[in-house]
Structures are given as C-alpha cells and as structure tokens.
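K.L.:
My structure is in my_file08.pdb, and what it holds is PDB, C-alpha atoms, pLDDT in the B column:
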```
ATOM      1  CA  MET A  23      40.685  66.666 110.739  1.00 58.00           C
ATOM      2  CA  ASP A  24      39.732  69.734 108.692  1.00 70.00           C
ATOM      3  CA  ASP A  25      37.968  69.593 105.321  1.00 75.00           C
ATOM      4  CA  ASP A  26      41.212  69.736 103.307  1.00 84.00           C
ATOM      5  CA  GLU A  27      42.766  66.915 105.338  1.00 88.00           C
ATOM      6  CA  GLU A  28      39.619  64.803 104.975  1.00 90.00           C
ATOM      7  CA  PHE A  29      39.623  65.349 101.205  1.00 92.00           C
ATOM      8  CA  THR A  30      43.340  64.525 100.921  1.00 92.00           C
ATOM      9  CA  HIS A  31      42.848  61.344 102.953  1.00 94.00           C
ATOM     10  CA  ALA A  32      39.844  60.307 100.844  1.00 95.00           C
ATOM     11  CA  LEU A  33      41.699  60.980  97.586  1.00 96.00           C
ATOM     12  CA  LYS A  34      44.765  58.994  98.697  1.00 97.00           C
ATOM     13  CA  THR A  35      42.501  56.097  99.692  1.00 97.00           C
ATOM     14  CA  VAL A  36      40.794  56.005  96.285  1.00 97.00           C
ATOM     15  CA  LEU A  37      44.088  56.430  94.406  1.00 97.00           C
ATOM     16  CA  ARG A  38      45.364  53.328  96.210  1.00 97.00           C
ATOM     17  CA  ASP A  39      42.563  51.368  94.498  1.00 97.00           C
ATOM     18  CA  LEU A  40      43.299  53.049  91.171  1.00 97.00           C
ATOM     19  CA  ARG A  41      46.981  52.042  91.405  1.00 96.00           C
ATOM     20  CA  ALA A  42      45.963  48.503  92.339  1.00 96.00           C
ATOM     21  CA  GLN A  43      43.657  47.880  89.402  1.00 94.00           C
ATOM     22  CA  CYS A  44      43.854  50.469  86.644  1.00 96.00           C
ATOM     23  CA  PRO A  45      46.463  50.464  83.864  1.00 94.00           C
ATOM     24  CA  VAL A  46      45.974  54.217  83.247  1.00 95.00           C
ATOM     25  CA  GLN A  47      47.231  56.542  85.974  1.00 96.00           C
ATOM     26  CA  PRO A  48      46.513  60.257  86.393  1.00 96.00           C
ATOM     27  CA  ASP A  49      48.846  63.201  86.464  1.00 95.00           C
ATOM     28  CA  ILE A  50      47.512  64.897  89.611  1.00 95.00           C
ATOM     29  CA  ARG A  51      47.760  68.670  89.953  1.00 92.00           C
ATOM     30  CA  LYS A  52      46.452  71.469  92.086  1.00 86.00           C
ATOM     31  CA  ASP A  53      46.132  74.015  89.254  1.00 73.00           C
ATOM     32  CA  ASP A  54      44.092  76.730  90.917  1.00 74.00           C
ATOM     33  CA  ASP A  55      44.183  77.922  94.520  1.00 72.00           C
ATOM     34  CA  GLU A  56      40.493  78.856  94.324  1.00 71.00           C
ATOM     35  CA  PHE A  57      39.441  75.324  93.285  1.00 73.00           C
ATOM     36  CA  ARG A  58      39.015  73.185  96.399  1.00 79.00           C
ATOM     37  CA  GLY A  59      40.217  69.989  94.842  1.00 90.00           C
ATOM     38  CA  VAL A  60      42.682  68.625  92.328  1.00 94.00           C
ATOM     39  CA  MET A  61      42.783  68.006  88.602  1.00 93.00           C
ATOM     40  CA  LEU A  62      43.373  64.529  87.233  1.00 96.00           C
ATOM     41  CA  TYR A  63      44.919  64.533  83.770  1.00 96.00           C
ATOM     42  CA  ALA A  64      44.837  61.543  81.438  1.00 95.00           C
ATOM     43  CA  PRO A  65      47.701  60.663  79.074  1.00 94.00           C
ATOM     44  CA  ASP A  66      45.775  62.344  76.219  1.00 93.00           C
ATOM     45  CA  GLY A  67      45.839  65.655  78.132  1.00 94.00           C
ATOM     46  CA  SER A  68      42.166  65.731  79.080  1.00 94.00           C
ATOM     47  CA  GLY A  69      41.454  66.685  82.650  1.00 93.00           C
ATOM     48  CA  GLN A  70      38.747  66.371  85.230  1.00 93.00           C
ATOM     49  CA  GLY A  71      38.379  68.043  88.577  1.00 93.00           C
ATOM     50  CA  VAL A  72      37.935  66.031  91.762  1.00 95.00           C
ATOM     51  CA  TYR A  73      36.676  68.011  94.714  1.00 91.00           C
ATOM     52  CA  ALA A  74      35.361  67.643  98.222  1.00 85.00           C
ATOM     53  CA  GLU A  75      31.803  68.034  99.416  1.00 79.00           C
ATOM     54  CA  PRO A  76      32.339  67.348 103.117  1.00 73.00           C
ATOM     55  CA  ASP A  77      29.238  66.914 105.225  1.00 80.00           C
ATOM     56  CA  GLY A  78      30.782  65.542 108.399  1.00 81.00           C
ATOM     57  CA  ARG A  79      30.476  61.929 107.303  1.00 87.00           C
ATOM     58  CA  PRO A  80      33.896  60.626 106.152  1.00 90.00           C
ATOM     59  CA  ALA A  81      32.384  57.569 104.447  1.00 92.00           C
ATOM     60  CA  MET A  82      30.113  59.752 102.299  1.00 93.00           C
ATOM     61  CA  LEU A  83      33.070  61.946 101.314  1.00 94.00           C
ATOM     62  CA  LEU A  84      35.109  58.856 100.425  1.00 95.00           C
ATOM     63  CA  ALA A  85      32.304  57.447  98.248  1.00 95.00           C
ATOM     64  CA  HIS A  86      31.864  60.841  96.538  1.00 95.00           C
ATOM     65  CA  VAL A  87      35.593  61.100  95.747  1.00 97.00           C
ATOM     66  CA  ALA A  88      35.623  57.472  94.554  1.00 97.00           C
ATOM     67  CA  ASP A  89      32.729  58.224  92.213  1.00 97.00           C
ATOM     68  CA  GLN A  90      34.611  61.169  90.677  1.00 97.00           C
ATOM     69  CA  VAL A  91      37.875  59.223  90.281  1.00 98.00           C
ATOM     70  CA  GLN A  92      35.922  56.363  88.731  1.00 97.00           C
ATOM     71  CA  GLU A  93      34.406  58.765  86.200  1.00 97.00           C
ATOM     72  CA  TRP A  94      37.924  59.969  85.310  1.00 97.00           C
ATOM     73  CA  ALA A  95      39.246  56.397  85.052  1.00 97.00           C
ATOM     74  CA  VAL A  96      36.473  55.215  82.720  1.00 96.00           C
ATOM     75  CA  GLU A  97      37.089  58.176  80.380  1.00 95.00           C
ATOM     76  CA  ALA A  98      40.885  57.720  80.532  1.00 96.00           C
ATOM     77  CA  LEU A  99      40.638  53.985  79.813  1.00 96.00           C
ATOM     78  CA  TRP A 100      38.334  54.608  76.857  1.00 94.00           C
ATOM     79  CA  GLY A 101      40.749  57.272  75.560  1.00 94.00           C
ATOM     80  CA  GLN A 102      43.584  54.735  75.637  1.00 94.00           C
ATOM     81  CA  GLY A 103      41.558  52.086  73.794  1.00 93.00           C
ATOM     82  CA  GLU A 104      41.193  49.955  76.929  1.00 92.00           C
ATOM     83  CA  PRO A 105      37.923  48.479  78.210  1.00 91.00           C
ATOM     84  CA  ALA A 106      36.204  51.365  79.990  1.00 92.00           C
ATOM     85  CA  VAL A 107      35.471  49.433  83.175  1.00 94.00           C
ATOM     86  CA  TRP A 108      37.040  50.384  86.520  1.00 96.00           C
ATOM     87  CA  PRO A 109      37.023  48.920  89.021  1.00 96.00           C
ATOM     88  CA  GLN A 110      36.186  45.556  87.525  1.00 93.00           C
ATOM     89  CA  CYS A 111      33.306  43.687  89.112  1.00 94.00           C
ATOM     90  CA  PRO A 112      34.830  40.358  90.194  1.00 92.00           C
ATOM     91  CA  SER A 113      31.475  38.603  89.650  1.00 92.00           C
ATOM     92  CA  HIS A 114      30.916  40.057  86.164  1.00 91.00           C
ATOM     93  CA  PRO A 115      34.300  40.868  84.554  1.00 87.00           C
ATOM     94  CA  ASP A 116      34.291  43.172  81.521  1.00 84.00           C
ATOM     95  CA  THR A 117      30.575  43.897  81.863  1.00 89.00           C
ATOM     96  CA  HIS A 118      30.280  46.715  84.399  1.00 93.00           C
ATOM     97  CA  PRO A 119      32.340  48.510  87.008  1.00 95.00           C
ATOM     98  CA  LEU A 120      31.736  48.311  90.718  1.00 97.00           C
ATOM     99  CA  ALA A 121      29.804  51.223  92.249  1.00 97.00           C
ATOM    100  CA  ALA A 122      30.951  53.338  95.193  1.00 97.00           C
ATOM    101  CA  THR A 123      28.423  53.527  98.000  1.00 95.00           C
ATOM    102  CA  VAL A 124      28.108  53.634 101.758  1.00 94.00           C
ATOM    103  CA  GLU A 125      26.811  50.733 103.794  1.00 88.00           C
ATOM    104  CA  GLN A 126      24.646  51.882 106.700  1.00 77.00           C
ATOM    105  CA  VAL A 127      24.650  55.531 105.622  1.00 61.00           C
ATOM    106  CA  GLU A 128      25.003  57.157 109.092  1.00 61.00           C
ATOM    107  CA  GLU A 129      28.142  55.435 110.419  1.00 68.00           C
ATOM    108  CA  GLY A 130      28.932  52.925 107.684  1.00 81.00           C
ATOM    109  CA  ASP A 131      31.864  52.052 105.506  1.00 92.00           C
ATOM    110  CA  ALA A 132      32.464  53.326 101.982  1.00 95.00           C
ATOM    111  CA  VAL A 133      32.515  50.237  99.783  1.00 97.00           C
ATOM    112  CA  TRP A 134      32.645  49.045  96.191  1.00 97.00           C
ATOM    113  CA  VAL A 135      29.532  47.011  95.328  1.00 97.00           C
ATOM    114  CA  CYS A 136      28.264  45.095  92.320  1.00 96.00           C
ATOM    115  CA  PRO A 137      25.482  47.265  90.880  1.00 95.00           C
ATOM    116  CA  THR A 138      23.640  44.153  89.689  1.00 94.00           C
ATOM    117  CA  THR A 139      23.604  42.041  92.860  1.00 94.00           C
ATOM    118  CA  GLY A 140      24.392  44.647  95.525  1.00 93.00           C
ATOM    119  CA  ASP A 141      27.145  42.393  96.865  1.00 94.00           C
ATOM    120  CA  THR A 142      30.082  44.182  98.485  1.00 94.00           C
ATOM    121  CA  ALA A 143      33.374  43.483  96.706  1.00 95.00           C
ATOM    122  CA  ALA A 144      35.701  45.474  98.992  1.00 95.00           C
ATOM    123  CA  ARG A 145      35.990  48.523 101.174  1.00 96.00           C
ATOM    124  CA  ILE A 146      37.155  51.547  99.201  1.00 97.00           C
ATOM    125  CA  GLY A 147      40.928  51.596  99.510  1.00 96.00           C
ATOM    126  CA  GLU A 148      41.200  47.831  99.858  1.00 96.00           C
ATOM    127  CA  LEU A 149      40.820  46.491  96.319  1.00 95.00           C
ATOM    128  CA  PRO A 150      43.298  43.683  95.671  1.00 93.00           C
ATOM    129  CA  VAL A 151      46.115  44.315  93.216  1.00 91.00           C
ATOM    130  CA  SER A 152      45.162  43.011  89.782  1.00 78.00           C
ATOM    131  CA  GLU A 153      47.418  41.882  86.987  1.00 67.00           C
ATOM    132  CA  SER A 154      46.660  45.079  85.033  1.00 52.00           C
ATOM    133  CA  GLY A 155      47.352  47.286  88.031  1.00 48.00           C
ATOM    134  CA  ALA A 156      50.367  45.462  89.452  1.00 43.00           C
ATOM    135  CA  GLY A 157      53.480  47.555  89.661  1.00 38.00           C
ATOM    136  CA  VAL A 158      51.722  50.812  88.794  1.00 40.00           C
ATOM    137  CA  SER A 159      53.167  53.638  90.812  1.00 36.00           C
ATOM    138  CA  GLY A 160      51.164  56.669  91.869  1.00 36.00           C
ATOM    139  CA  ARG A 161      52.198  60.213  91.082  1.00 34.00           C
ATOM    140  CA  ALA A 162      52.576  62.872  93.709  1.00 32.00           C
ATOM    141  CA  PHE A 163      50.488  66.002  93.809  1.00 31.00           C
ATOM    142  CA  ARG A 164      52.035  68.901  91.967  1.00 31.00           C
ATOM    143  CA  ARG A 165      51.054  72.434  91.168  1.00 31.00           C
ATOM    144  CA  GLY A 166      50.495  72.930  87.447  1.00 35.00           C
ATOM    145  CA  ARG A 167      50.164  75.941  85.225  1.00 31.00           C
ATOM    146  CA  GLY A 168      46.793  75.078  83.654  1.00 35.00           C
ATOM    147  CA  GLY A 169      46.289  75.517  79.931  1.00 33.00           C
ATOM    148  CA  ARG A 170      44.435  72.241  79.580  1.00 31.00           C
ATOM    149  CA  LYS A 171      40.758  71.473  79.396  1.00 32.00           C
ATOM    150  CA  ARG A 172      39.018  71.544  82.743  1.00 31.00           C
ATOM    151  CA  SER A 173      35.883  69.763  83.730  1.00 33.00           C
ATOM    152  CA  ARG A 174      34.294  70.088  87.118  1.00 32.00           C
ATOM    153  CA  ARG A 175      31.576  67.544  86.793  1.00 36.00           C
ATOM    154  CA  GLY A 176      29.785  66.255  89.823  1.00 37.00           C
ATOM    155  CA  ARG A 177      27.067  63.764  90.332  1.00 34.00           C
TER
END
```
Could you quickly redo this structure as structure tokens?
P.N.:
Amino acid sequence: MDDDEEFTHALKTVLRDLRAQCPVQPDIRKDDDEFRGVMLYAPDGSGQGVYAEPDGRPAMLLAHVADQVQEWAVEALWGQGEPAVWPQCPSHPDTHPLAATVEQVEEGDAVWVCPTTGDTAARIGELPVSESGAGVSGRAFRRGRGGRKRSRRGR
C-alpha cells in the first residue's frame, strides 16, 4: 500500500467510528491538490485539515488520523451546542473523550483508551453504534472549490 492508500484506509476506519457515535458529520473535501490530506467541514462552515504522516507503522498513522478527526469532532459538536465529547468514554460518560493511542507501539493496534484509567474501550474503527450515532450516514469524498477557513493543525 502506498502512502495515499494508507491514509485513505486510516481515514475511512476513523470515519466509521465517527458515523457510529457522533451526531455531527463532516462534509469531506479534497480542496487542494498540493495538500496531502482532506478538509473536514462542520455544518457552520468551519474546516480543519486532516493529513497523513506515514512512518511505516499503520497503527501509528491510524492513531494520528483519529486524533485529528477527534479534534474536528469536538469543535463541531461544540459549534452545534452539543456536549463536546467524542468518542464518549463508556466508563465516564459526559466527562471526557476516549484518547487514540497505540498498544505495543512497534506492532500494536490503534485503540481508543480511557485517559483516566488507561483501559482500552475498542480498537479504532470498531466503536459500537450509539443512540446518537445510529443511522448517521457518511459522506463521500468530493473535490471542493475552497473559499472557507482552513486549519492545518497537528499535534
């Protein structure tokens, strides 16, 4: 798999979790051929870039993409007047989101963990469908024309 395919696979995996548990869904666009990623736009029109930083470890790439999508989701939820917590920690609902990380960094799995206890809640891409996320359909990638705020924040 090349870098673009790895990024696309990682993004689709994380978006599966977003569809499963987040009531706000992004408008996903590839606005700029020079930007190696996509833009996620919230219903209020704000946008954030999600990009790849491949290093040969698919689990690390998946956790990095999950972290960026989570940042977008928290901002989008807040902008819609929803609790700014995604994905919900099943042990501590409405207090903090799960954190994306990699178990056994060299060959491990990318997982969502409780930042308080360190307990693994699910592998990234395998969050169960919640009541708030049930029936949410994802949007396909599309090429946009820009004109909206861009943010290319990384962690």
K.L.:
What do you get, as JSON, numbers by chain, if you spell out every residue that the PyMOL selection byres ((chain A and resi 104) around 12) selects here?
P.N.:
{"A": [44, 45, 46, 95, 96, 97, 98, 99, 100, 101, 102, 103, 105, 106, 107, 108, 116, 154]}
K.L.:
Which is closer to Cys111 (chain A) than all the others in A:Leu84, A:Leu149, A:Ala42, A:Val91, using all atoms listed in the file?
P.N.:
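Of A:Leu84, A:Leu149, A:Ala42, A:Val91, the one nearest Cys111 (chain A), counting all atoms listed in the file, is A:Leu149.
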K.L.:
On this structure, which residues satisfy the PyMOL selection byres ((chain A and resi 26) around 10), written as a list in words?
P.N.:
Met23, Asp24, Asp25, Glu27, Glu28, Phe29, Thr30, His31, Ala32, Arg58, Gly59, Tyr73, Ala74 and Pro76 of chain A
K.L.:
Counting only C-alpha atoms, what is within 9 Å of Phe57 (chain A), bar same-chain residues fewer than 4 positions away, as a CSV table (one decimal) with C-alpha atoms, in the frame of the given file?
P.N.:
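What ended up in out27.csv:
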```csv
chain,number,residue,atom,x,y,z
A,52,LYS,CA,46.5,71.5,92.1
A,53,ASP,CA,46.1,74.0,89.3
A,71,GLY,CA,38.4,68.0,88.6
A,73,TYR,CA,36.7,68.0,94.7
```
K.L.:
Report the distance between CA of Val60 (chain A) and CA of Val72 (chain A) in Å, rounded to one decimal place.
P.N.:
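So the two atoms, CA of Val60 (chain A) and CA of Val72 (chain A), lie 5.4 Å apart.
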K.L.:
Spell out the residues picked by the PyMOL selection byres ((chain A and resi 131-139) around 7) here, as a list in words.
P.N.:
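After applying the PyMOL selection byres ((chain A and resi 131-139) around 7), what remains is Ala81, Met82, Leu84, Ala85, Cys111, Leu120, Ala121, Ala122, Thr123, Val124, Glu125, Gly130, Gly140, Asp141, Thr142, Ala143, Ala144, Arg145 and Ile146 of chain A.
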K.L.:
If I take CA of Ser152 (chain A) and CA of Pro115 (chain A), how far is one from the other in Å, to one decimal?
P.N.:
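Computing the Euclidean distance for CA of Ser152 (chain A) and CA of Pro115 (chain A) yields 12.2 Å.
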K.L.:
What is the distance between CA of Gly78 (chain A) and CA of Pro119 (chain A), in Å to one decimal?
P.N.:
27.4 Å
